[in-house]
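This is my_file_5.cif. It holds mmCIF, C-alpha atoms.
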```cif
data_data
#
loop_
_atom_site.group_PDB
_atom_site.id
_atom_site.type_symbol
_atom_site.label_atom_id
_atom_site.label_comp_id
_atom_site.auth_asym_id
_atom_site.auth_seq_id
_atom_site.Cartn_x
_atom_site.Cartn_y
_atom_site.Cartn_z
ATOM 1 C CA MET S 21 -29.507 -27.452 63.273
ATOM 2 C CA ARG S 22 -28.740 -31.070 62.488
ATOM 3 C CA ILE S 23 -27.464 -30.179 59.007
ATOM 4 C CA GLN S 24 -25.232 -27.461 60.424
ATOM 5 C CA ALA S 25 -23.843 -29.875 62.970
ATOM 6 C CA LEU S 26 -23.078 -32.455 60.265
ATOM 7 C CA SER S 27 -21.346 -29.850 58.090
ATOM 8 C CA SER S 28 -19.366 -28.659 61.116
ATOM 9 C CA VAL S 29 -18.246 -32.223 61.781
ATOM 10 C CA ALA S 30 -17.350 -32.664 58.127
ATOM 11 C CA ARG S 31 -15.287 -29.489 58.162
ATOM 12 C CA ARG S 32 -13.515 -30.597 61.307
ATOM 13 C CA GLY S 33 -12.879 -33.985 59.697
ATOM 14 C CA LEU S 34 -10.954 -32.491 56.777
ATOM 15 C CA LYS S 35 -7.236 -32.110 57.175
ATOM 16 C CA PRO S 36 -5.710 -28.642 56.587
ATOM 17 C CA ALA S 37 -3.897 -29.902 53.495
ATOM 18 C CA ALA S 38 -7.163 -31.206 52.024
ATOM 19 C CA ARG S 39 -8.931 -27.898 52.723
ATOM 20 C CA GLU S 40 -6.105 -26.001 51.026
ATOM 21 C CA THR S 41 -6.272 -28.334 48.033
ATOM 22 C CA ILE S 42 -10.031 -27.826 47.664
ATOM 23 C CA ALA S 43 -9.637 -24.062 47.968
ATOM 24 C CA PHE S 44 -6.853 -24.116 45.380
ATOM 25 C CA TYR S 45 -8.973 -25.926 42.796
ATOM 26 C CA VAL S 46 -11.975 -23.711 43.507
ATOM 27 C CA PHE S 47 -9.917 -20.574 42.849
ATOM 28 C CA ILE S 48 -8.278 -21.849 39.654
ATOM 29 C CA LEU S 49 -11.489 -23.399 38.310
ATOM 30 C CA PRO S 50 -12.372 -20.311 36.176
ATOM 31 C CA TRP S 51 -8.925 -20.384 34.591
ATOM 32 C CA LEU S 52 -9.109 -24.139 34.007
ATOM 33 C CA LEU S 53 -12.494 -23.788 32.324
ATOM 34 C CA GLY S 54 -11.206 -20.959 30.145
ATOM 35 C CA PHE S 55 -8.098 -22.963 29.189
ATOM 36 C CA VAL S 56 -10.079 -26.087 28.298
ATOM 37 C CA ILE S 57 -12.782 -24.213 26.347
ATOM 38 C CA PHE S 58 -10.696 -21.576 24.559
ATOM 39 C CA THR S 59 -7.213 -23.151 24.266
ATOM 40 C CA PHE S 60 -6.992 -26.899 24.790
ATOM 41 C CA GLY S 61 -10.297 -27.651 23.087
ATOM 42 C CA PRO S 62 -9.463 -25.706 19.915
ATOM 43 C CA MET S 63 -6.005 -27.322 19.868
ATOM 44 C CA LEU S 64 -7.571 -30.783 19.884
ATOM 45 C CA ALA S 65 -10.022 -29.732 17.184
ATOM 46 C CA SER S 66 -7.157 -28.349 15.094
ATOM 47 C CA ALA S 67 -5.177 -31.578 15.525
ATOM 48 C CA PHE S 68 -8.174 -33.575 14.286
ATOM 49 C CA LEU S 69 -8.844 -31.209 11.353
ATOM 50 C CA SER S 70 -5.197 -31.432 10.279
ATOM 51 C CA LEU S 71 -5.888 -35.088 9.439
ATOM 52 C CA THR S 72 -8.930 -34.246 7.330
ATOM 53 C CA GLU S 73 -9.910 -32.421 4.181
ATOM 54 C CA TYR S 74 -12.155 -29.658 5.474
ATOM 55 C CA SER S 75 -13.477 -26.648 3.561
ATOM 56 C CA VAL S 76 -15.576 -25.152 6.416
ATOM 57 C CA ILE S 77 -18.741 -25.493 4.338
ATOM 58 C CA GLY S 78 -19.007 -29.283 4.293
ATOM 59 C CA ALA S 79 -18.176 -31.991 6.792
ATOM 60 C CA PRO S 80 -14.502 -32.932 7.270
ATOM 61 C CA THR S 81 -13.270 -35.970 5.333
ATOM 62 C CA TRP S 82 -10.615 -38.163 6.936
ATOM 63 C CA ILE S 83 -7.400 -38.335 4.870
ATOM 64 C CA GLY S 84 -4.864 -39.228 7.565
ATOM 65 C CA LEU S 85 -1.436 -37.730 6.914
ATOM 66 C CA GLY S 86 -2.380 -36.550 3.427
ATOM 67 C CA ASN S 87 -2.091 -32.864 4.343
ATOM 68 C CA TYR S 88 1.403 -33.365 5.726
ATOM 69 C CA ARG S 89 2.543 -35.377 2.703
ATOM 70 C CA PHE S 90 1.248 -32.696 0.367
ATOM 71 C CA MET S 91 2.904 -29.992 2.477
ATOM 72 C CA PHE S 92 6.411 -31.426 2.327
ATOM 73 C CA ALA S 93 6.302 -33.020 -1.122
ATOM 74 C CA ASN S 94 3.934 -31.029 -3.349
ATOM 75 C CA ASP S 95 3.543 -27.499 -1.993
ATOM 76 C CA PRO S 96 6.299 -25.190 -3.319
ATOM 77 C CA GLU S 97 4.718 -22.210 -1.561
ATOM 78 C CA PHE S 98 5.295 -23.948 1.779
ATOM 79 C CA TRP S 99 9.051 -24.064 1.187
ATOM 80 C CA GLN S 100 9.088 -20.513 -0.161
ATOM 81 C CA SER S 101 7.287 -19.229 2.933
ATOM 82 C CA MET S 102 9.635 -21.212 5.174
ATOM 83 C CA ARG S 103 12.726 -19.769 3.463
ATOM 84 C CA ASN S 104 11.384 -16.220 3.798
ATOM 85 C CA THR S 105 10.542 -16.790 7.458
ATOM 86 C CA ILE S 106 13.975 -18.217 8.265
ATOM 87 C CA TRP S 107 15.552 -15.259 6.450
ATOM 88 C CA ILE S 108 13.669 -12.678 8.512
ATOM 89 C CA ILE S 109 14.602 -14.510 11.724
ATOM 90 C CA ALA S 110 18.264 -15.078 10.881
ATOM 91 C CA VAL S 111 18.833 -11.521 9.641
ATOM 92 C CA SER S 112 16.359 -9.283 11.424
ATOM 93 C CA ILE S 113 16.473 -10.678 14.976
ATOM 94 C CA PRO S 114 20.289 -10.409 15.493
ATOM 95 C CA ILE S 115 20.304 -6.907 13.957
ATOM 96 C CA GLN S 116 17.433 -5.803 16.191
ATOM 97 C CA VAL S 117 19.085 -7.202 19.323
ATOM 98 C CA ALA S 118 22.422 -5.551 18.489
ATOM 99 C CA PHE S 119 20.714 -2.244 17.661
ATOM 100 C CA ALA S 120 18.678 -2.359 20.883
ATOM 101 C CA ILE S 121 21.845 -2.972 22.918
ATOM 102 C CA GLY S 122 23.594 -0.089 21.143
ATOM 103 C CA CYS S 123 20.696 2.291 21.821
ATOM 104 C CA ALA S 124 20.564 1.203 25.457
ATOM 105 C CA VAL S 125 24.322 1.791 25.854
ATOM 106 C CA VAL S 126 23.954 5.274 24.349
ATOM 107 C CA LEU S 127 21.051 6.085 26.688
ATOM 108 C CA THR S 128 23.121 5.237 29.762
ATOM 109 C CA ARG S 129 25.566 8.053 28.947
ATOM 110 C CA PRO S 130 23.563 11.349 29.083
ATOM 111 C CA LYS S 131 23.477 13.148 32.426
ATOM 112 C CA ARG S 132 20.853 15.744 31.479
ATOM 113 C CA GLY S 133 17.559 15.155 29.738
ATOM 114 C CA VAL S 134 17.998 11.394 29.900
ATOM 115 C CA GLY S 135 14.273 10.897 30.501
ATOM 116 C CA VAL S 136 13.440 12.841 27.341
ATOM 117 C CA TYR S 137 15.869 10.802 25.235
ATOM 118 C CA ARG S 138 14.526 7.519 26.566
ATOM 119 C CA THR S 139 10.962 8.615 25.859
ATOM 120 C CA ILE S 140 11.871 9.560 22.277
ATOM 121 C CA PHE S 141 13.443 6.155 21.658
ATOM 122 C CA PHE S 142 10.449 4.365 23.197
ATOM 123 C CA LEU S 143 7.690 6.368 21.468
ATOM 124 C CA PRO S 144 7.708 4.370 18.174
ATOM 125 C CA THR S 145 6.487 1.287 20.041
ATOM 126 C CA MET S 146 3.297 3.178 20.922
ATOM 127 C CA VAL S 147 2.364 3.432 17.238
ATOM 128 C CA PRO S 148 0.061 0.609 16.012
ATOM 129 C CA VAL S 149 1.849 -1.896 13.806
ATOM 130 C CA VAL S 150 -0.444 -1.282 10.835
ATOM 131 C CA ALA S 151 0.065 2.492 11.045
ATOM 132 C CA ALA S 152 3.844 2.044 11.292
ATOM 133 C CA ALA S 153 3.883 -0.266 8.278
ATOM 134 C CA LEU S 154 1.793 2.193 6.254
ATOM 135 C CA GLY S 155 4.170 4.987 7.261
ATOM 136 C CA PHE S 156 7.148 2.990 6.020
ATOM 137 C CA LEU S 157 5.289 2.200 2.800
ATOM 138 C CA PHE S 158 5.027 5.940 2.221
ATOM 139 C CA MET S 159 8.616 6.710 3.236
ATOM 140 C CA LEU S 160 10.107 3.873 1.166
ATOM 141 C CA ASN S 161 7.917 4.503 -1.849
ATOM 142 C CA PRO S 162 9.956 5.052 -5.056
ATOM 143 C CA ALA S 163 8.645 8.629 -4.982
ATOM 144 C CA GLY S 164 8.950 8.944 -1.205
ATOM 145 C CA PRO S 165 11.281 11.058 0.947
ATOM 146 C CA ILE S 166 13.909 8.327 1.484
ATOM 147 C CA ASP S 167 14.467 7.799 -2.228
ATOM 148 C CA HIS S 168 14.511 11.566 -2.817
ATOM 149 C CA LEU S 169 17.246 11.848 -0.190
ATOM 150 C CA LEU S 170 19.203 8.986 -1.764
ATOM 151 C CA GLY S 171 18.880 10.640 -5.160
ATOM 152 C CA PHE S 172 20.091 13.948 -3.729
ATOM 153 C CA LEU S 173 23.147 12.124 -2.361
ATOM 154 C CA HIS S 174 23.652 10.384 -5.733
ATOM 155 C CA LEU S 175 23.128 6.965 -4.149
ATOM 156 C CA PRO S 176 21.185 4.020 -5.621
ATOM 157 C CA ARG S 177 17.419 4.324 -5.252
ATOM 158 C CA PRO S 178 15.924 0.855 -4.687
ATOM 159 C CA LEU S 179 12.262 0.103 -5.273
ATOM 160 C CA TRP S 180 11.969 -1.342 -1.748
ATOM 161 C CA PHE S 181 8.630 -3.123 -1.375
ATOM 162 C CA GLN S 182 8.202 -3.357 -5.144
ATOM 163 C CA ASP S 183 11.533 -5.154 -5.586
ATOM 164 C CA PRO S 184 11.919 -8.758 -4.316
ATOM 165 C CA GLN S 185 15.574 -8.095 -3.471
ATOM 166 C CA TRP S 186 14.739 -5.104 -1.259
ATOM 167 C CA SER S 187 11.336 -5.968 0.185
ATOM 168 C CA LYS S 188 12.645 -7.940 3.173
ATOM 169 C CA PRO S 189 15.431 -5.397 3.954
ATOM 170 C CA GLY S 190 12.643 -2.800 4.074
ATOM 171 C CA LEU S 191 10.931 -4.874 6.748
ATOM 172 C CA VAL S 192 14.225 -5.058 8.643
ATOM 173 C CA LEU S 193 14.317 -1.250 8.726
ATOM 174 C CA LEU S 194 10.747 -1.240 10.003
ATOM 175 C CA GLY S 195 11.776 -3.638 12.770
ATOM 176 C CA LEU S 196 14.694 -1.412 13.792
ATOM 177 C CA TRP S 197 12.344 1.539 14.093
ATOM 178 C CA GLY S 198 10.253 -0.274 16.690
ATOM 179 C CA ILE S 199 12.854 -1.742 19.044
ATOM 180 C CA GLY S 200 11.743 0.451 21.972
ATOM 181 C CA ASN S 201 10.409 -2.404 24.112
ATOM 182 C CA THR S 202 13.591 -4.456 23.758
ATOM 183 C CA MET S 203 15.743 -1.359 24.263
ATOM 184 C CA ILE S 204 14.030 -0.573 27.586
ATOM 185 C CA ILE S 205 14.735 -4.095 28.861
ATOM 186 C CA PHE S 206 18.394 -3.851 27.869
ATOM 187 C CA LEU S 207 18.604 -0.404 29.460
ATOM 188 C CA ALA S 208 17.342 -1.810 32.763
ATOM 189 C CA ALA S 209 19.864 -4.668 32.520
ATOM 190 C CA LEU S 210 22.746 -2.268 31.815
ATOM 191 C CA LEU S 211 21.834 -0.073 34.767
ATOM 192 C CA ASP S 212 21.773 -3.189 36.969
ATOM 193 C CA VAL S 213 25.390 -4.182 36.197
ATOM 194 C CA PRO S 214 27.419 -3.719 39.414
ATOM 195 C CA ARG S 215 29.714 -0.704 39.156
ATOM 196 C CA GLN S 216 32.486 -2.475 41.069
ATOM 197 C CA LEU S 217 32.965 -4.836 38.130
ATOM 198 C CA TYR S 218 33.810 -1.911 35.862
ATOM 199 C CA GLU S 219 36.103 -0.479 38.541
ATOM 200 C CA ALA S 220 37.923 -3.809 38.810
ATOM 201 C CA ALA S 221 38.256 -3.944 35.012
ATOM 202 C CA ASP S 222 39.715 -0.413 34.992
ATOM 203 C CA ILE S 223 42.258 -1.419 37.620
ATOM 204 C CA GLU S 224 43.285 -4.347 35.439
ATOM 205 C CA GLY S 225 43.807 -1.938 32.532
ATOM 206 C CA ALA S 226 40.839 -3.044 30.416
ATOM 207 C CA GLY S 227 39.790 -0.741 27.594
ATOM 208 C CA PRO S 228 36.203 0.175 26.605
ATOM 209 C CA TRP S 229 35.805 -2.779 24.239
ATOM 210 C CA GLN S 230 37.270 -5.230 26.761
ATOM 211 C CA ARG S 231 34.931 -3.921 29.472
ATOM 212 C CA PHE S 232 31.967 -4.322 27.144
ATOM 213 C CA ARG S 233 32.983 -7.805 26.013
ATOM 214 C CA HIS S 234 34.074 -9.298 29.328
ATOM 215 C CA VAL S 235 31.826 -7.427 31.779
ATOM 216 C CA THR S 236 28.764 -5.949 30.080
ATOM 217 C CA LEU S 237 27.846 -8.762 27.698
ATOM 218 C CA PRO S 238 28.102 -11.587 30.282
ATOM 219 C CA MET S 239 26.072 -9.581 32.803
ATOM 220 C CA ILE S 240 23.263 -8.838 30.342
ATOM 221 C CA SER S 241 23.362 -12.279 28.695
ATOM 222 C CA PRO S 242 20.080 -13.391 30.385
ATOM 223 C CA VAL S 243 18.321 -10.442 28.754
ATOM 224 C CA ILE S 244 19.953 -11.246 25.402
ATOM 225 C CA PHE S 245 18.693 -14.804 25.773
ATOM 226 C CA PHE S 246 15.176 -13.534 26.533
ATOM 227 C CA ALA S 247 15.256 -11.215 23.510
ATOM 228 C CA LEU S 248 16.426 -14.032 21.223
ATOM 229 C CA VAL S 249 13.740 -16.468 22.397
ATOM 230 C CA THR S 250 10.901 -13.969 22.112
ATOM 231 C CA GLY S 251 12.300 -12.698 18.802
ATOM 232 C CA VAL S 252 12.421 -16.189 17.286
ATOM 233 C CA ILE S 253 8.873 -16.946 18.447
ATOM 234 C CA TYR S 254 7.652 -13.640 17.028
ATOM 235 C CA GLY S 255 9.605 -14.173 13.804
ATOM 236 C CA PHE S 256 7.836 -17.458 13.089
ATOM 237 C CA GLN S 257 4.532 -15.592 13.530
ATOM 238 C CA TYR S 258 5.553 -12.607 11.400
ATOM 239 C CA PHE S 259 2.387 -11.491 9.641
ATOM 240 C CA THR S 260 1.032 -7.943 10.002
ATOM 241 C CA GLU S 261 3.985 -5.937 8.680
ATOM 242 C CA ALA S 262 4.494 -8.218 5.673
ATOM 243 C CA TYR S 263 0.788 -8.345 4.848
ATOM 244 C CA VAL S 264 0.519 -4.553 4.864
ATOM 245 C CA ALA S 265 3.762 -4.170 2.892
ATOM 246 C CA ALA S 266 2.410 -6.593 0.285
ATOM 247 C CA GLY S 267 -0.670 -4.422 -0.088
ATOM 248 C CA GLY S 268 -2.920 -7.149 1.283
ATOM 249 C CA GLN S 269 -1.981 -9.470 -1.582
ATOM 250 C CA ALA S 270 -1.494 -12.522 0.597
ATOM 251 C CA SER S 271 -2.188 -14.833 -2.334
ATOM 252 C CA LEU S 272 0.795 -13.409 -4.211
ATOM 253 C CA GLY S 273 3.176 -12.522 -1.389
ATOM 254 C CA SER S 274 3.991 -9.507 -3.558
ATOM 255 C CA PRO S 275 6.508 -8.878 -4.994
ATOM 256 C CA LEU S 276 7.222 -12.286 -6.541
ATOM 257 C CA GLY S 277 6.501 -14.109 -3.317
ATOM 258 C CA SER S 278 9.311 -12.363 -1.414
ATOM 259 C CA LEU S 279 6.888 -11.325 1.329
ATOM 260 C CA ARG S 280 5.153 -14.682 1.574
ATOM 261 C CA PHE S 281 5.984 -15.636 5.149
ATOM 262 C CA TYR S 282 4.742 -18.780 6.855
ATOM 263 C CA PRO S 283 1.785 -17.158 8.702
ATOM 264 C CA ILE S 284 0.706 -15.449 5.469
ATOM 265 C CA HIS S 285 0.702 -18.806 3.680
ATOM 266 C CA LEU S 286 -1.307 -20.283 6.558
ATOM 267 C CA TYR S 287 -3.764 -17.377 6.447
ATOM 268 C CA GLU S 288 -4.208 -17.739 2.712
ATOM 269 C CA GLN S 289 -4.906 -21.469 2.915
ATOM 270 C CA GLY S 290 -7.302 -21.189 5.835
ATOM 271 C CA PHE S 291 -9.204 -17.954 5.252
ATOM 272 C CA GLN S 292 -8.901 -17.255 1.529
ATOM 273 C CA SER S 293 -8.875 -20.698 -0.063
ATOM 274 C CA PHE S 294 -10.845 -22.253 2.842
ATOM 275 C CA HIS S 295 -8.532 -25.259 3.034
ATOM 276 C CA MET S 296 -9.019 -25.348 6.780
ATOM 277 C CA GLY S 297 -7.725 -28.898 7.204
ATOM 278 C CA TYR S 298 -4.493 -28.032 5.418
ATOM 279 C CA ALA S 299 -4.214 -24.771 7.378
ATOM 280 C CA SER S 300 -4.545 -26.761 10.616
ATOM 281 C CA ALA S 301 -1.679 -28.999 9.489
ATOM 282 C CA LEU S 302 0.403 -25.899 8.736
ATOM 283 C CA ALA S 303 -0.384 -24.567 12.212
ATOM 284 C CA TRP S 304 0.764 -27.772 13.896
ATOM 285 C CA VAL S 305 3.993 -27.857 11.910
ATOM 286 C CA LEU S 306 4.578 -24.256 12.973
ATOM 287 C CA PHE S 307 3.927 -25.215 16.605
ATOM 288 C CA VAL S 308 6.457 -28.057 16.449
ATOM 289 C CA ILE S 309 9.073 -25.813 14.793
ATOM 290 C CA ILE S 310 8.669 -23.076 17.409
ATOM 291 C CA LEU S 311 8.785 -25.600 20.252
ATOM 292 C CA THR S 312 11.929 -27.228 18.830
ATOM 293 C CA CYS S 313 13.727 -23.900 18.336
ATOM 294 C CA THR S 314 12.813 -22.794 21.853
ATOM 295 C CA VAL S 315 14.116 -26.029 23.389
ATOM 296 C CA VAL S 316 17.360 -25.766 21.385
ATOM 297 C CA LEU S 317 17.873 -22.160 22.540
ATOM 298 C CA ILE S 318 17.237 -23.134 26.160
ATOM 299 C CA ARG S 319 19.650 -26.062 25.990
ATOM 300 C CA THR S 320 22.416 -24.069 24.300
ATOM 301 C CA SER S 321 21.943 -21.119 26.657
ATOM 302 C CA ARG S 322 23.769 -23.033 29.386
ATOM 303 C CA ARG S 323 27.031 -22.397 27.544
ATOM 304 C CA TRP S 324 26.801 -18.609 27.242
ATOM 305 C CA VAL S 325 24.145 -17.249 29.614
ATOM 306 C CA HIS S 326 25.535 -16.166 32.972
ATOM 307 C CA TYR S 327 23.515 -15.236 36.042
ATOM 308 C CA GLN S 328 24.732 -13.025 38.841
ATOM 309 C CA GLY S 329 23.712 -15.533 41.510
ATOM 310 C CA GLY S 330 25.564 -18.342 39.761
ATOM 311 C CA PHE S 331 22.393 -20.310 39.014
ATOM 312 C CA ARG S 332 21.418 -21.539 35.537
#
```
Would you put the structure from the file into structure tokens?
Amino acid sequence: MRIQALSSVARRGLKPAARETIAFYVFILPWLLGFVIFTFGPMLASAFLSLTEYSVIGAPTWIGLGNYRFMFANDPEFWQSMRNTIWIIAVSIPIQVAFAIGCAVVLTRPKRGVGVYRTIFFLPTMVPVVAAALGFLFMLNPAGPIDHLLGFLHLPRPLWFQDPQWSKPGLVLLGLWGIGNTMIIFLAALLDVPRQLYEAADIEGAGPWQRFRHVTLPMISPVIFFALVTGVIYGFQYFTEAYVAAGGQASLGSPLGSLRFYPIHLYEQGFQSFHMGYASALAWVLFVIILTCTVVLIRTSRRWVHYQGGFR
């Protein structure tokens, strides 16, 4: 009874704000433990390993900034992987965003069977990435159906994933095939544009292109911004499609290194050559690049992203 009385007094002595604070930390404690153990802890370990020479088998040897000096000054494959990664981001992401907007605009037009059309456009995103990449390997094979069709039309028949000039364009086609998730977001944004804005534009005598440029694009600019940010982040982590298209030849980036993207180079160094210290340095450089690009996009978005409520 005495213990219960003391605890009752202690509870009464706590202020409501203090009780809410204690309850808050009790509820988020599982998440905090998970973050520290599975995210923050490995990040600290990776930061330490990036300053060492570590082959997984033996103990890490401290070399300071040696991995970073080698990366920027003596590793030609680093610069090749960076060029390929920037190419896929600069070319593929704008094309995918534009294609997703075009598909979403088309899907706002039908009056009958619109649900069926939207489902058909979205279905490719349900296919696993590896299966989709293997399907495109078959379709874009020199003896595949696409090249047979091009030959029937008397058009050039590229070697696609066996030709360094066509390997990355083949991946761009694969990316266009799977834009269902982005298309759905743009479709929701288009359907949310107030109809009275289009009516006002019609009264002013605006044509279809003027309505799209001055009404549609500004109103869906937050979604375009979201698609660009997520696309850039995904582009710097582009791995599965390129690895499958290269036939699993990460060490070669087949053909002729044209499919050696930054994550593939990181994977090769860490899990094939077991240069785990160098791979950790590559991972931290990638983190800094992604963070910088995201901050730049957020800062520049103030000039072209418009929100309906007027807030930025």
Which is closest to S:Ala265 among S:Val305, S:Leu154, S:Ile113, S:Leu85, if we use all atoms listed in the file?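 Answer, going by the shortest atom-to-atom distance: S:Leu154.
Residue nearest S:Val76, chosen from S:Ala303, S:Ser241, S:Ala262, S:Tyr298 and counting only C-alpha atoms: S:Tyr298.
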Evaluated on this file, the PyMOL selection byres ((chain S and resi 237) around 12) picks out some residues - which ones are they, written as an mmCIF file with C-alpha atoms, keeping the file's coordinate frame?
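Written file, part_38.cif:
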```cif
data_model
loop_
_atom_site.group_PDB
_atom_site.id
_atom_site.type_symbol
_atom_site.label_atom_id
_atom_site.label_comp_id
_atom_site.auth_asym_id
_atom_site.auth_seq_id
_atom_site.Cartn_x
_atom_site.Cartn_y
_atom_site.Cartn_z
ATOM 1 C CA ALA S 118 22.422 -5.551 18.489
ATOM 2 C CA ILE S 121 21.845 -2.972 22.918
ATOM 3 C CA GLY S 122 23.594 -0.089 21.143
ATOM 4 C CA VAL S 125 24.322 1.791 25.854
ATOM 5 C CA PHE S 206 18.394 -3.851 27.869
ATOM 6 C CA ALA S 209 19.864 -4.668 32.520
ATOM 7 C CA LEU S 210 22.746 -2.268 31.815
ATOM 8 C CA VAL S 213 25.390 -4.182 36.197
ATOM 9 C CA TRP S 229 35.805 -2.779 24.239
ATOM 10 C CA GLN S 230 37.270 -5.230 26.761
ATOM 11 C CA ARG S 231 34.931 -3.921 29.472
ATOM 12 C CA PHE S 232 31.967 -4.322 27.144
ATOM 13 C CA ARG S 233 32.983 -7.805 26.013
ATOM 14 C CA HIS S 234 34.074 -9.298 29.328
ATOM 15 C CA VAL S 235 31.826 -7.427 31.779
ATOM 16 C CA THR S 236 28.764 -5.949 30.080
ATOM 17 C CA PRO S 238 28.102 -11.587 30.282
ATOM 18 C CA MET S 239 26.072 -9.581 32.803
ATOM 19 C CA ILE S 240 23.263 -8.838 30.342
ATOM 20 C CA SER S 241 23.362 -12.279 28.695
ATOM 21 C CA PRO S 242 20.080 -13.391 30.385
ATOM 22 C CA VAL S 243 18.321 -10.442 28.754
ATOM 23 C CA ILE S 244 19.953 -11.246 25.402
ATOM 24 C CA PHE S 245 18.693 -14.804 25.773
ATOM 25 C CA TRP S 324 26.801 -18.609 27.242
ATOM 26 C CA VAL S 325 24.145 -17.249 29.614
ATOM 27 C CA HIS S 326 25.535 -16.166 32.972
ATOM 28 C CA TYR S 327 23.515 -15.236 36.042
#
```
Distance table requested - stretch 260-328 of chain S against stretch 177-198 of chain S, cut-off 10 Å, only C-alpha atoms: one row per qualifying residue with the closest atom pair and its distance in Å to one decimal, ordered by chain and rising residue number, as JSON lines.
```
{"residue": "S:Glu261", "atom": "CA", "partner": "S:Leu191", "partner_atom": "CA", "distance": 7.3}
{"residue": "S:Ala262", "atom": "CA", "partner": "S:Leu191", "partner_atom": "CA", "distance": 7.3}
{"residue": "S:Ala265", "atom": "CA", "partner": "S:Phe181", "partner_atom": "CA", "distance": 6.6}
{"residue": "S:Ala266", "atom": "CA", "partner": "S:Phe181", "partner_atom": "CA", "distance": 7.3}
{"residue": "S:Gly267", "atom": "CA", "partner": "S:Phe181", "partner_atom": "CA", "distance": 9.5}
{"residue": "S:Gly273", "atom": "CA", "partner": "S:Pro184", "partner_atom": "CA", "distance": 10.0}
{"residue": "S:Ser274", "atom": "CA", "partner": "S:Gln182", "partner_atom": "CA", "distance": 7.6}
{"residue": "S:Pro275", "atom": "CA", "partner": "S:Pro184", "partner_atom": "CA", "distance": 5.5}
{"residue": "S:Leu276", "atom": "CA", "partner": "S:Pro184", "partner_atom": "CA", "distance": 6.3}
{"residue": "S:Gly277", "atom": "CA", "partner": "S:Pro184", "partner_atom": "CA", "distance": 7.7}
{"residue": "S:Ser278", "atom": "CA", "partner": "S:Pro184", "partner_atom": "CA", "distance": 5.3}
{"residue": "S:Leu279", "atom": "CA", "partner": "S:Lys188", "partner_atom": "CA", "distance": 6.9}
```
Hits of the PyMOL selection byres ((chain S and resi 281) around 12) in this structure, as a count of residues only: 43
